[in-house]
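Colleague: Structure file my_file32.cif (mmCIF, C-alpha atoms) right here:
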```
data_entry
#
loop_
_atom_site.label_atom_id
_atom_site.label_comp_id
_atom_site.auth_asym_id
_atom_site.auth_seq_id
_atom_site.Cartn_x
_atom_site.Cartn_y
_atom_site.Cartn_z
CA MET A 254 0.00 0.00 0.00
CA VAL A 255 2.87 2.34 0.82
CA GLY A 256 4.37 1.59 -2.58
CA ALA A 257 1.13 2.45 -4.32
CA LEU A 258 1.05 5.78 -2.53
CA SER A 259 4.62 6.69 -3.43
CA GLY A 260 3.62 9.24 -6.06
CA LEU A 261 1.25 10.95 -3.67
CA ASN A 262 2.01 14.25 -2.09
CA GLU A 263 2.78 13.27 1.51
CA HIS A 264 1.63 16.65 2.74
CA GLN A 265 -1.88 15.94 1.53
CA VAL A 266 -2.08 12.70 3.51
CA LEU A 267 -0.65 14.39 6.61
CA PHE A 268 -3.07 17.31 6.21
CA PHE A 269 -6.01 14.90 5.92
CA ALA A 270 -4.91 13.00 9.05
CA LEU A 271 -4.29 16.12 11.16
CA VAL A 272 -7.57 17.80 10.16
CA PHE A 273 -9.35 14.51 10.90
CA LEU A 274 -7.85 14.52 14.43
CA ALA A 275 -8.77 18.19 14.95
CA GLY A 276 -12.32 17.35 13.85
CA LEU A 277 -12.40 14.43 16.29
CA VAL A 278 -11.64 16.75 19.23
CA ALA A 279 -14.05 19.43 17.96
CA GLY A 280 -16.86 16.88 17.59
CA LEU A 281 -16.19 15.35 21.02
CA VAL A 282 -16.23 18.66 22.93
CA GLY A 283 -18.96 20.13 20.73
CA ALA A 284 -21.28 17.19 21.41
CA LEU A 285 -20.76 17.61 25.17
CA VAL A 286 -21.40 21.35 25.43
CA GLY A 287 -23.96 21.77 22.66
CA LEU A 288 -22.06 23.62 19.96
CA GLY A 289 -20.75 22.76 16.55
CA GLY A 290 -17.01 22.83 16.96
CA GLY A 291 -16.47 25.80 14.65
CA VAL A 292 -14.87 27.55 17.60
CA PHE A 293 -12.04 24.98 17.33
CA VAL A 294 -12.09 24.14 13.62
CA VAL A 295 -11.84 27.68 12.23
CA PRO A 296 -8.73 28.83 14.17
CA ILE A 297 -6.98 25.48 13.59
CA LEU A 298 -7.53 25.66 9.83
CA THR A 299 -6.55 29.35 9.50
CA LEU A 300 -3.73 29.54 12.06
CA ALA A 301 -2.14 26.08 11.83
CA PHE A 302 -2.75 25.38 8.14
CA GLY A 303 -2.93 28.88 6.73
CA LEU A 304 -6.20 28.33 4.90
CA PRO A 305 -8.25 31.37 3.84
CA PHE A 306 -11.04 32.29 6.25
CA PRO A 307 -13.95 31.61 3.82
CA VAL A 308 -12.80 27.99 3.33
CA ALA A 309 -12.40 27.55 7.10
CA ALA A 310 -15.90 28.95 7.61
CA GLY A 311 -17.23 26.49 5.02
CA ALA A 312 -15.55 23.63 6.90
CA SER A 313 -17.03 25.01 10.12
CA ILE A 314 -20.60 24.72 8.83
CA VAL A 315 -19.88 21.10 7.88
CA SER A 316 -18.56 20.58 11.41
CA VAL A 317 -21.71 22.10 12.95
CA ILE A 318 -24.04 19.84 11.00
CA ALA A 319 -21.93 16.71 11.57
CA THR A 320 -21.78 17.36 15.34
CA SER A 321 -25.49 18.09 15.48
CA SER A 322 -26.67 15.06 13.50
CA GLY A 323 -24.06 12.67 14.87
CA ALA A 324 -24.66 13.37 18.56
CA ALA A 325 -28.38 14.19 18.34
CA ALA A 326 -29.07 10.70 16.93
CA ALA A 327 -28.02 9.32 20.32
CA TYR A 328 -29.39 12.11 22.52
CA VAL A 329 -32.86 12.03 20.94
CA ARG A 330 -33.07 8.24 21.17
CA ASP A 331 -32.00 8.35 24.84
CA HIS A 332 -34.70 10.97 25.56
CA ILE A 333 -32.25 13.62 26.83
CA THR A 334 -33.00 16.19 24.10
CA ASN A 335 -36.26 18.13 24.60
CA LEU A 336 -37.72 17.82 21.09
CA ARG A 337 -40.60 20.27 21.68
CA VAL A 338 -38.37 23.00 23.08
CA GLY A 339 -35.97 22.48 20.18
CA MET A 340 -38.60 22.50 17.45
CA PHE A 341 -40.43 25.54 18.87
CA LEU A 342 -37.27 27.61 19.25
CA GLU A 343 -36.06 26.66 15.77
CA ILE A 344 -38.68 29.10 14.47
CA ALA A 345 -36.74 31.89 16.17
CA THR A 346 -33.27 30.71 15.12
CA THR A 347 -34.13 30.13 11.46
CA ILE A 348 -35.90 33.50 11.11
CA GLY A 349 -32.92 35.10 12.87
CA ALA A 350 -30.45 33.36 10.55
CA LEU A 351 -32.44 34.49 7.51
CA CYS A 352 -32.49 38.11 8.74
CA GLY A 353 -28.79 37.98 9.56
CA ALA A 354 -27.81 36.63 6.14
CA THR A 355 -29.87 39.40 4.52
CA LEU A 356 -28.46 42.16 6.74
CA VAL A 357 -24.83 41.09 6.50
CA ALA A 358 -24.12 43.40 3.56
CA PHE A 359 -25.38 46.48 5.45
CA LEU A 360 -23.87 46.10 8.92
CA PRO A 361 -20.27 46.54 10.09
CA THR A 362 -19.40 42.97 11.11
CA GLY A 363 -16.19 44.06 12.88
CA VAL A 364 -18.17 46.06 15.44
CA LEU A 365 -20.70 43.23 15.74
CA PHE A 366 -17.97 40.72 16.60
CA LEU A 367 -16.74 43.02 19.38
CA MET A 368 -20.28 43.52 20.68
CA PHE A 369 -21.15 39.84 20.74
CA GLY A 370 -17.77 39.00 22.26
CA ALA A 371 -18.64 41.38 25.11
CA VAL A 372 -22.13 39.83 25.42
CA LEU A 373 -20.55 36.38 25.72
CA LEU A 374 -18.17 37.50 28.46
CA VAL A 375 -21.01 39.07 30.46
CA SER A 376 -23.16 35.94 30.01
CA GLY A 377 -20.38 33.84 31.49
CA VAL A 378 -20.80 35.51 34.89
CA PRO A 379 -24.09 33.84 35.99
CA LEU A 380 -22.66 30.50 34.87
CA ILE A 381 -19.62 30.92 37.08
CA VAL A 382 -21.80 32.09 40.00
CA LYS A 383 -24.00 28.99 39.87
CA HIS A 384 -21.34 26.62 38.62
CA ALA A 385 -21.96 24.16 41.45
CA GLU A 386 -25.71 23.84 40.78
CA GLU A 387 -26.34 20.26 39.63
CA LEU A 388 -30.04 20.72 38.81
CA PRO A 389 -32.17 23.91 38.63
CA VAL A 390 -34.33 24.38 41.73
CA GLY A 391 -37.76 26.03 42.08
CA VAL A 392 -38.42 26.49 38.34
CA ARG A 393 -42.14 26.76 37.47
CA ASN A 394 -43.63 26.62 33.98
CA ASP A 395 -44.57 29.98 32.49
CA ARG A 396 -47.81 30.26 30.53
CA LEU A 397 -46.29 29.65 27.10
CA ALA A 398 -44.38 26.61 28.38
CA THR A 399 -47.65 25.14 29.68
CA THR A 400 -49.51 25.90 26.43
CA LEU A 401 -46.79 24.27 24.34
CA ALA A 402 -46.23 21.36 26.75
CA LEU A 403 -42.53 22.15 27.01
CA ALA A 404 -41.86 20.60 30.44
CA GLY A 405 -40.27 17.17 30.34
CA SER A 406 -38.00 14.66 31.98
CA TYR A 407 -34.74 12.94 31.15
CA PRO A 408 -32.95 9.87 32.52
CA ASP A 409 -29.75 10.95 34.29
CA ALA A 410 -27.38 7.97 34.39
CA GLN A 411 -24.95 9.84 36.63
CA LEU A 412 -27.62 10.69 39.25
CA GLY A 413 -29.30 7.32 38.68
CA LYS A 414 -32.84 8.73 38.35
CA GLU A 415 -35.38 10.25 35.99
CA VAL A 416 -35.14 14.04 36.39
CA HIS A 417 -38.41 15.97 35.90
CA TYR A 418 -38.09 19.65 35.05
CA GLN A 419 -40.22 22.66 34.12
CA VAL A 420 -39.48 25.50 31.72
CA THR A 421 -39.65 29.22 32.47
CA ARG A 422 -39.22 32.61 30.69
CA THR A 423 -40.06 31.07 27.31
CA PRO A 424 -40.54 34.47 25.55
CA LEU A 425 -37.08 35.61 26.72
CA GLY A 426 -35.60 32.31 25.52
CA PHE A 427 -37.35 32.78 22.17
CA ALA A 428 -35.93 36.30 21.83
CA MET A 429 -32.42 35.07 22.69
CA MET A 430 -32.77 32.31 20.10
CA TYR A 431 -33.71 34.92 17.49
CA LEU A 432 -30.51 36.76 18.44
CA ALA A 433 -28.53 33.50 18.23
CA GLY A 434 -29.90 32.90 14.73
CA LEU A 435 -29.18 36.49 13.74
CA ILE A 436 -25.57 36.13 14.89
CA SER A 437 -25.06 32.91 12.94
CA GLY A 438 -26.51 34.54 9.82
CA LEU A 439 -24.42 37.68 10.27
CA LEU A 440 -21.12 36.24 11.42
CA GLY A 441 -21.25 32.76 9.89
CA ILE A 442 -20.84 30.98 13.21
CA GLY A 443 -22.96 28.21 14.69
CA SER A 444 -23.80 30.24 17.82
CA GLY A 445 -24.35 27.11 19.91
CA VAL A 446 -22.90 29.06 22.83
CA PHE A 447 -25.77 31.56 22.68
CA LYS A 448 -28.30 28.75 22.38
CA VAL A 449 -27.01 26.99 25.49
CA LEU A 450 -27.14 30.33 27.35
CA ALA A 451 -30.78 30.85 26.30
CA LEU A 452 -31.78 27.33 27.39
CA ASP A 453 -29.73 27.24 30.59
CA THR A 454 -29.70 30.82 31.90
CA ALA A 455 -33.06 32.10 30.60
CA MET A 456 -35.30 29.03 30.43
CA ARG A 457 -33.55 27.20 33.30
CA LEU A 458 -33.41 23.74 31.75
CA PRO A 459 -31.03 21.21 33.33
CA MET A 460 -27.54 21.60 31.81
CA LYS A 461 -27.59 18.26 29.98
CA VAL A 462 -30.98 19.06 28.44
CA SER A 463 -29.67 22.52 27.47
CA THR A 464 -26.55 21.27 25.69
CA THR A 465 -28.28 18.35 23.95
CA THR A 466 -31.22 20.49 22.82
CA SER A 467 -28.80 23.14 21.54
CA ASN A 468 -26.90 20.35 19.79
CA PHE A 469 -30.18 19.25 18.17
CA MET A 470 -30.96 22.80 17.00
CA ILE A 471 -27.61 24.00 15.62
CA GLY A 472 -27.84 21.66 12.62
CA VAL A 473 -31.04 23.31 11.43
CA THR A 474 -29.74 26.85 12.04
CA ALA A 475 -26.63 25.99 10.02
CA ALA A 476 -28.70 24.32 7.29
CA ALA A 477 -30.38 27.69 6.72
CA SER A 478 -27.11 29.04 5.30
CA VAL A 479 -25.88 25.91 3.50
CA GLY A 480 -27.24 27.20 0.17
CA VAL A 481 -25.17 30.38 0.45
CA TYR A 482 -21.96 28.50 1.30
CA LEU A 483 -22.39 26.01 -1.55
CA ALA A 484 -23.17 28.73 -4.08
CA ARG A 485 -20.09 30.72 -3.06
CA GLY A 486 -17.87 27.63 -3.44
CA GLN A 487 -16.82 27.78 0.22
CA ILE A 488 -17.18 24.03 0.72
CA ASP A 489 -13.78 22.68 -0.35
CA PRO A 490 -14.16 18.86 -0.56
CA LEU A 491 -10.56 18.13 0.49
CA VAL A 492 -10.89 20.28 3.61
CA ALA A 493 -14.49 19.43 4.46
CA ALA A 494 -14.04 15.63 4.04
CA PRO A 495 -11.58 15.08 6.92
CA VAL A 496 -13.54 17.57 9.06
CA ALA A 497 -16.82 15.71 8.41
CA LEU A 498 -15.33 12.27 9.15
CA GLY A 499 -13.41 13.35 12.26
CA VAL A 500 -16.28 15.37 13.71
CA THR A 501 -18.83 12.60 13.14
CA LEU A 502 -16.68 10.10 15.02
CA GLY A 503 -15.88 12.63 17.76
CA ALA A 504 -19.55 13.52 18.21
CA ALA A 505 -20.48 9.85 18.58
CA LEU A 506 -17.80 9.47 21.28
CA GLY A 507 -19.00 12.66 22.98
CA ALA A 508 -22.59 11.39 23.04
CA LYS A 509 -21.41 8.25 24.85
CA THR A 510 -19.48 10.36 27.37
CA LEU A 511 -22.22 12.89 28.27
CA THR A 512 -24.43 10.54 30.28
CA ARG A 513 -21.50 9.62 32.53
CA LEU A 514 -20.63 13.23 33.41
CA THR A 515 -22.35 15.45 35.97
CA ASN A 516 -24.25 18.58 34.91
CA THR A 517 -21.69 20.55 36.93
CA ALA A 518 -18.78 19.07 34.97
CA ILE A 519 -20.45 19.88 31.65
CA ARG A 520 -21.11 23.46 32.80
CA ARG A 521 -17.42 23.85 33.71
CA ILE A 522 -16.30 22.65 30.27
CA PHE A 523 -18.89 24.98 28.72
CA VAL A 524 -17.54 28.03 30.59
CA VAL A 525 -14.03 27.34 29.25
CA VAL A 526 -15.35 27.01 25.68
CA LEU A 527 -17.43 30.17 26.14
CA LEU A 528 -14.34 32.15 27.14
CA LEU A 529 -12.48 30.76 24.11
CA ALA A 530 -15.36 31.79 21.84
CA ALA A 531 -15.42 35.29 23.37
CA VAL A 532 -11.67 35.77 22.82
CA GLU A 533 -12.00 34.59 19.21
CA MET A 534 -14.84 37.05 18.60
CA PHE A 535 -12.81 39.93 20.03
CA LEU A 536 -9.79 39.07 17.88
CA HIS A 537 -12.01 38.71 14.84
CA GLY A 538 -13.61 42.07 15.59
CA LEU A 539 -10.16 43.64 15.79
CA GLY A 540 -9.44 42.36 12.29
CA VAL A 541 -7.48 39.20 13.13
CA LYS A 542 -9.03 36.64 10.79
CA LEU A 543 -8.93 33.50 12.91
CA MET B 123 -51.79 17.32 23.88
CA ALA B 124 -50.66 18.99 27.05
CA GLN B 125 -53.63 17.71 29.07
CA ARG B 126 -52.78 14.04 28.71
CA PRO B 127 -49.02 13.62 28.54
CA GLU B 128 -49.12 10.00 29.75
CA ASN B 129 -51.27 8.85 26.81
CA ASN B 130 -48.87 10.45 24.45
CA ASP B 131 -45.71 9.03 25.92
CA ALA B 132 -45.44 5.97 23.68
CA LEU B 133 -46.07 8.06 20.58
CA VAL B 134 -43.46 10.62 21.62
CA ARG B 135 -40.94 7.80 22.06
CA GLN B 136 -41.90 6.55 18.60
CA ALA B 137 -41.22 10.01 17.12
CA GLU B 138 -37.87 10.04 18.91
CA VAL B 139 -36.93 6.67 17.46
CA VAL B 140 -37.84 7.80 13.92
CA ILE B 141 -35.98 11.14 14.19
CA SER B 142 -32.96 9.44 15.73
CA PHE B 143 -32.94 6.86 12.90
CA ILE B 144 -33.05 9.56 10.19
CA LEU B 145 -30.14 11.44 11.79
CA ARG B 146 -28.09 8.27 12.13
CA ALA B 147 -28.86 7.18 8.57
CA GLY B 148 -27.87 10.61 7.20
CA VAL B 149 -24.58 10.59 9.09
CA VAL B 150 -23.66 6.98 8.26
CA VAL B 151 -24.59 7.10 4.54
CA SER B 152 -22.85 10.45 3.96
CA GLY B 153 -19.86 9.32 6.04
CA VAL B 154 -19.41 6.16 3.95
CA ILE B 155 -19.64 8.15 0.68
CA ILE B 156 -17.18 10.81 1.91
CA ALA B 157 -14.73 8.13 3.10
CA LEU B 158 -15.03 6.26 -0.20
CA GLY B 159 -14.49 9.45 -2.24
CA SER B 160 -11.46 10.37 -0.12
CA LEU B 161 -9.95 6.92 -0.56
CA LEU B 162 -10.48 7.05 -4.34
CA TYR B 163 -8.96 10.52 -4.43
CA PHE B 164 -5.78 9.39 -2.70
CA ILE B 165 -5.50 6.25 -4.86
CA GLU B 166 -5.91 8.34 -8.00
CA ALA B 167 -3.58 11.06 -6.78
CA ALA B 168 -0.93 8.42 -6.08
CA ARG B 169 -1.20 7.22 -9.69
CA GLN B 170 -1.28 10.60 -11.38
CA PRO B 171 -0.45 13.48 -9.03
CA HIS B 172 -1.73 16.14 -11.38
CA GLY B 173 -4.80 14.35 -12.67
CA PRO B 174 -7.73 16.28 -14.12
CA HIS B 175 -10.03 17.01 -11.18
CA ALA B 176 -12.98 19.30 -11.15
CA THR B 177 -12.10 22.34 -9.07
CA SER B 178 -14.26 23.08 -6.06
CA HIS B 179 -15.55 26.06 -7.99
CA GLU B 180 -17.01 23.81 -10.68
CA LEU B 181 -18.62 21.77 -7.93
CA THR B 182 -20.81 24.58 -6.62
CA ALA B 183 -23.74 23.86 -8.90
CA ILE B 184 -25.73 20.65 -8.62
CA GLY B 185 -25.39 20.22 -12.40
CA GLY B 186 -21.61 20.49 -12.18
CA ILE B 187 -21.46 17.86 -9.46
CA ALA B 188 -23.77 15.50 -11.38
CA HIS B 189 -21.61 15.89 -14.50
CA ALA B 190 -18.39 15.23 -12.57
CA LEU B 191 -19.99 12.23 -10.84
CA LEU B 192 -20.63 10.60 -14.22
CA THR B 193 -16.91 10.75 -14.95
CA GLY B 194 -16.20 9.13 -11.56
CA ASP B 195 -14.39 12.18 -10.17
CA PRO B 196 -13.50 11.41 -6.51
CA LEU B 197 -13.98 15.06 -5.53
CA ALA B 198 -17.53 14.94 -6.89
CA ILE B 199 -18.17 11.79 -4.84
CA ILE B 200 -16.94 13.64 -1.72
CA MET B 201 -19.21 16.59 -2.58
CA LEU B 202 -22.18 14.23 -2.97
CA GLY B 203 -21.51 12.86 0.53
CA LEU B 204 -21.07 16.37 1.95
CA ILE B 205 -24.33 17.57 0.41
CA LEU B 206 -26.17 14.55 1.84
CA LEU B 207 -24.68 15.41 5.24
CA LEU B 208 -25.63 19.08 4.91
CA LEU B 209 -29.20 18.16 3.94
CA THR B 210 -29.67 15.76 6.89
CA PRO B 211 -31.08 18.49 9.20
CA VAL B 212 -33.61 19.47 6.52
CA LEU B 213 -34.62 15.83 6.11
CA ARG B 214 -34.95 15.62 9.89
CA VAL B 215 -37.37 18.58 9.88
CA ILE B 216 -39.49 16.98 7.13
CA VAL B 217 -39.65 13.64 8.98
CA SER B 218 -40.53 15.45 12.24
CA ILE B 219 -43.63 16.93 10.61
CA GLY B 220 -44.80 13.39 9.84
CA ALA B 221 -43.91 12.18 13.34
CA PHE B 222 -45.93 14.97 15.00
CA ALA B 223 -48.81 14.29 12.59
CA LEU B 224 -48.84 10.64 13.73
CA GLU B 225 -49.11 11.94 17.30
CA ARG B 226 -52.01 14.12 16.11
CA ASP B 227 -50.13 17.01 17.67
CA TRP B 228 -51.26 19.61 15.15
CA ARG B 229 -49.68 22.51 17.00
CA TYR B 230 -46.24 20.99 16.52
CA VAL B 231 -47.05 19.99 12.95
CA ALA B 232 -47.67 23.71 12.33
CA ILE B 233 -44.53 24.80 14.22
CA THR B 234 -42.28 22.34 12.37
CA SER B 235 -43.86 23.14 8.98
CA LEU B 236 -43.11 26.82 9.62
CA VAL B 237 -39.46 25.94 10.26
CA LEU B 238 -39.36 23.98 6.98
CA ILE B 239 -40.86 26.92 5.05
CA ILE B 240 -38.25 29.31 6.49
CA LEU B 241 -35.50 26.83 5.55
CA ILE B 242 -36.80 26.59 1.98
CA ILE B 243 -36.93 30.40 1.71
CA SER B 244 -33.36 30.66 2.96
CA PHE B 245 -32.22 28.05 0.42
CA LEU B 246 -33.92 29.91 -2.41
CA LEU B 247 -32.48 33.26 -1.29
CA GLY B 248 -29.02 31.75 -0.92
CA LYS B 249 -29.09 30.48 -4.47
CA GLY B 250 -30.31 33.75 -5.94
CA GLY B 251 -28.02 35.93 -3.84
CA ALA B 252 -24.73 34.47 -5.03
#
```
Represent the structure of the file as structure tokens.
Modeller:
Amino acid sequence: MVGALSGLNEHQVLFFALVFLAGLVAGLVGALVGLGGGVFVVPILTLAFGLPFPVAAGASIVSVIATSSGAAAAYVRDHITNLRVGMFLEIATTIGALCGATLVAFLPTGVLFLMFGAVLLVSGVPLIVKHAEELPVGVRNDRLATTLALAGSYPDAQLGKEVHYQVTRTPLGFAMMYLAGLISGLLGIGSGVFKVLALDTAMRLPMKVSTTTSNFMIGVTAAASVGVYLARGQIDPLVAAPVALGVTLGAALGAKTLTRLTNTAIRRIFVVVLLLAAVEMFLHGLGVKL
Amino acid sequence: MAQRPENNDALVRQAEVVISFILRAGVVVSGVIIALGSLLYFIEAARQPHGPHATSHELTAIGGIAHALLTGDPLAIIMLGLILLLLTPVLRVIVSIGAFALERDWRYVAITSLVLIILIISFLLGKGGA
């Protein structure tokens, strides 16, 4: 086999293998904390491999959809994802993404990156304050949550019981999801971080339900801009292929890991990823194309 | 409906099984095609390093990909797998409409149909805009 490959550019094989590994890590972490891995994939492709930003962004959207579909297959089957919450809020994210993609030509994206970076940093504070909270306490359904039958339960293997939960501040969550969609349309990012914040901080779902429901939703938000990316030729098959394969495998591994972790552990990992995302947004806003 | 969640439980589980299956199928089928295309690409590249491949720019239109597929271009095979992967969430939304209809949960049939309509609009706009 080595002989047959002798004429092949070794760099291409090495590139494929390294991007596959990067995708594996992105898919694993992304599946745990409910985002698509673009926060890892984009800087690795631009900084380590020197690829142009549009190609990295195209690979990022592939990563988002692979993480979402790969992990959600397990989370939905295991009844951890809240399907109703996800489906209802997808209205907000897809309309937001559509508005964002339309507005992108008229708004200064540099300033937007700085603004949203600041929003992310501020949103990290309540997470750090309640980092030790394993399950939300004293949450009561609001009217919309009752009307739409949003409350649910999930089996927590770590706690060894079925956890019943209610859902609050649904209109605020809906508004935040619109913003999350708007950001992904404007800035070409998956905005899973904003989705987890809406589900966890605003609607007070248990952390595992928040990350898995965000994971379920990001695929559809990203799908809203797939047409644009394909038409612009931003999906480079030789970059996207190793990303897709690595992320899919990583997401499957992540989905197996989630049930064994505590909600507190997942929140801690999420805070670290949130800080990373905020830093990236700041740098991007300052003109550093990560 | 909200008033009788217990009755609905089995049906909800059924919807979950169907949606989970669609997601898994999308990921596995596209993954196999992408892996196959990548393997073919490396085999071909080893034989003729500067072989005639369609550029990614030619692979932006569905017609271009279909044409390149007929010639057995590995990059077109990868693109086919990638497009299947990228369409999996849309397929999931379509199947969800059917799953909620089986539950006779018309409110969620309406909600999910609305999501599908927005997705279709965004696809159409994306194509026209570029």
Colleague: For a test of reading the model, state the distance in Å between atom CA of B:Ile216 and atom CA of B:Ala232, rounded to one decimal.
Modeller: 11.8 Å
Colleague: As a PDB file with C-alpha atoms, keeping the file's coordinate frame, please: the residues near B:Ser152 (cut-off 6 Å, only C-alpha atoms, same-chain neighbours under 4 positions excluded).
Modeller:
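The file below, part-v9.pdb, is the result:
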```pdb
ATOM      1  CA  GLY B 148     -27.870  10.610   7.200  1.00  0.00           C
ATOM      2  CA  GLY B 203     -21.510  12.860   0.530  1.00  0.00           C
ATOM      3  CA  LEU B 206     -26.170  14.550   1.840  1.00  0.00           C
ATOM      4  CA  LEU B 207     -24.680  15.410   5.240  1.00  0.00           C
TER       5      LEU B 207
END
```
Colleague: Do you have the atom CA of A:Val317-atom CA of A:Pro490 distance handy?
Modeller: 15.8 Å
Colleague: Evaluate the PyMOL selection byres ((chain A) within 8 of (chain B)) here and jot the selected residues down as an MDAnalysis selection string.
Modeller: chainID A and resid 257:262 266 315 318:319 322:323 325:327 329:330 332 337 340:341 343:344 347:348 351 399:402 472:473 476:481 483:486 488:491 493:494 497:498 501
Colleague: Could you take the residues named above and write them with C-alpha atoms, as a compact mmCIF listing (two decimals), in the coordinates of the input?
Modeller:
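Result written to part_22.txt:
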```txt
# COMPACT_ATOMS: atom_id res chain seq x y z
CA ALA A 257 1.13 2.45 -4.32
CA LEU A 258 1.05 5.78 -2.53
CA SER A 259 4.62 6.69 -3.43
CA GLY A 260 3.62 9.24 -6.06
CA LEU A 261 1.25 10.95 -3.67
CA ASN A 262 2.01 14.25 -2.09
CA VAL A 266 -2.08 12.70 3.51
CA VAL A 315 -19.88 21.10 7.88
CA ILE A 318 -24.04 19.84 11.00
CA ALA A 319 -21.93 16.71 11.57
CA SER A 322 -26.67 15.06 13.50
CA GLY A 323 -24.06 12.67 14.87
CA ALA A 325 -28.38 14.19 18.34
CA ALA A 326 -29.07 10.70 16.93
CA ALA A 327 -28.02 9.32 20.32
CA VAL A 329 -32.86 12.03 20.94
CA ARG A 330 -33.07 8.24 21.17
CA HIS A 332 -34.70 10.97 25.56
CA ARG A 337 -40.60 20.27 21.68
CA MET A 340 -38.60 22.50 17.45
CA PHE A 341 -40.43 25.54 18.87
CA GLU A 343 -36.06 26.66 15.77
CA ILE A 344 -38.68 29.10 14.47
CA THR A 347 -34.13 30.13 11.46
CA ILE A 348 -35.90 33.50 11.11
CA LEU A 351 -32.44 34.49 7.51
CA THR A 399 -47.65 25.14 29.68
CA THR A 400 -49.51 25.90 26.43
CA LEU A 401 -46.79 24.27 24.34
CA ALA A 402 -46.23 21.36 26.75
CA GLY A 472 -27.84 21.66 12.62
CA VAL A 473 -31.04 23.31 11.43
CA ALA A 476 -28.70 24.32 7.29
CA ALA A 477 -30.38 27.69 6.72
CA SER A 478 -27.11 29.04 5.30
CA VAL A 479 -25.88 25.91 3.50
CA GLY A 480 -27.24 27.20 0.17
CA VAL A 481 -25.17 30.38 0.45
CA LEU A 483 -22.39 26.01 -1.55
CA ALA A 484 -23.17 28.73 -4.08
CA ARG A 485 -20.09 30.72 -3.06
CA GLY A 486 -17.87 27.63 -3.44
CA ILE A 488 -17.18 24.03 0.72
CA ASP A 489 -13.78 22.68 -0.35
CA PRO A 490 -14.16 18.86 -0.56
CA LEU A 491 -10.56 18.13 0.49
CA ALA A 493 -14.49 19.43 4.46
CA ALA A 494 -14.04 15.63 4.04
CA ALA A 497 -16.82 15.71 8.41
CA LEU A 498 -15.33 12.27 9.15
CA THR A 501 -18.83 12.60 13.14
```
Colleague: Which residues match the PyMOL selection byres ((chain A and resi 509-512) around 9) in the file above, as a list in words?
Modeller: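 So the PyMOL selection byres ((chain A and resi 509-512) around 9) ends up selecting Leu281, Ala284, Leu285, Val286, Ala324, Ala327, Pro408, Asp409, Ala410, Gln411, Lys461, Ala504, Ala505, Leu506, Gly507, Ala508, Arg513, Leu514, Thr515, Asn516 and Ile519 of chain A.
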Colleague: Could you list, as a ChimeraX atom specification, every residue within 8 Å of A:Leu367, counting all atoms listed in the file and ignoring same-chain residues fewer than 2 positions away?
Modeller: /A:363-365,369-371,534-535,537-539
Colleague: Report as an MDAnalysis selection string the full result of the PyMOL selection byres ((chain A and resi 275) around 9) when it is applied to this structure.
Modeller: chainID A and resid 270:274 276:280 293:294 297 496 499:500
Colleague: Which value, in Å to one decimal, gives the distance between atom CA of A:Glu533 and atom CA of A:Pro296?
Modeller: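 It comes out at 8.3 Å.
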Colleague: Got a sec: who's within 9 Å of A:Leu432, counting only C-alpha atoms, leaving out chain neighbours fewer than 2 positions off, as JSON, numbers by chain?
Modeller: {"A": [345, 346, 349, 350, 427, 428, 429, 430, 434, 435, 436, 437, 447]}
Colleague: Leaving out A:Val390 and any residue of its chain fewer than 3 positions from it, which residues lie within 10 Å of it when counting all atoms listed in the file, given as a VMD selection string?
Modeller: chain A and resid 386 to 387 393 418 to 419 457 459
Colleague: Could you check which of A:Val357, A:Ala385, A:Val462, A:Leu374 is closest to A:Gly405, using only C-alpha atoms?
Modeller: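 So, comparing all the options, the nearest one is A:Val462.
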Colleague: Which is closer to A:Thr362 than all the others in A:Gly391, A:Gly503, A:Pro495, A:Gly441, using all atoms listed in the file?
Modeller: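 Result for the nearest residue to A:Thr362: A:Gly441.
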Colleague: Would you list the contacts of A:Gly445 as number ranges by chain, taking every protein, DNA or RNA residue within 10 Å and counting all atoms listed in the file, but skipping same-chain residues closer than 3 positions in sequence?
Modeller: A: 283, 286-292, 317, 430, 433-434, 437, 442, 448-451, 464, 466-472, 474, 527
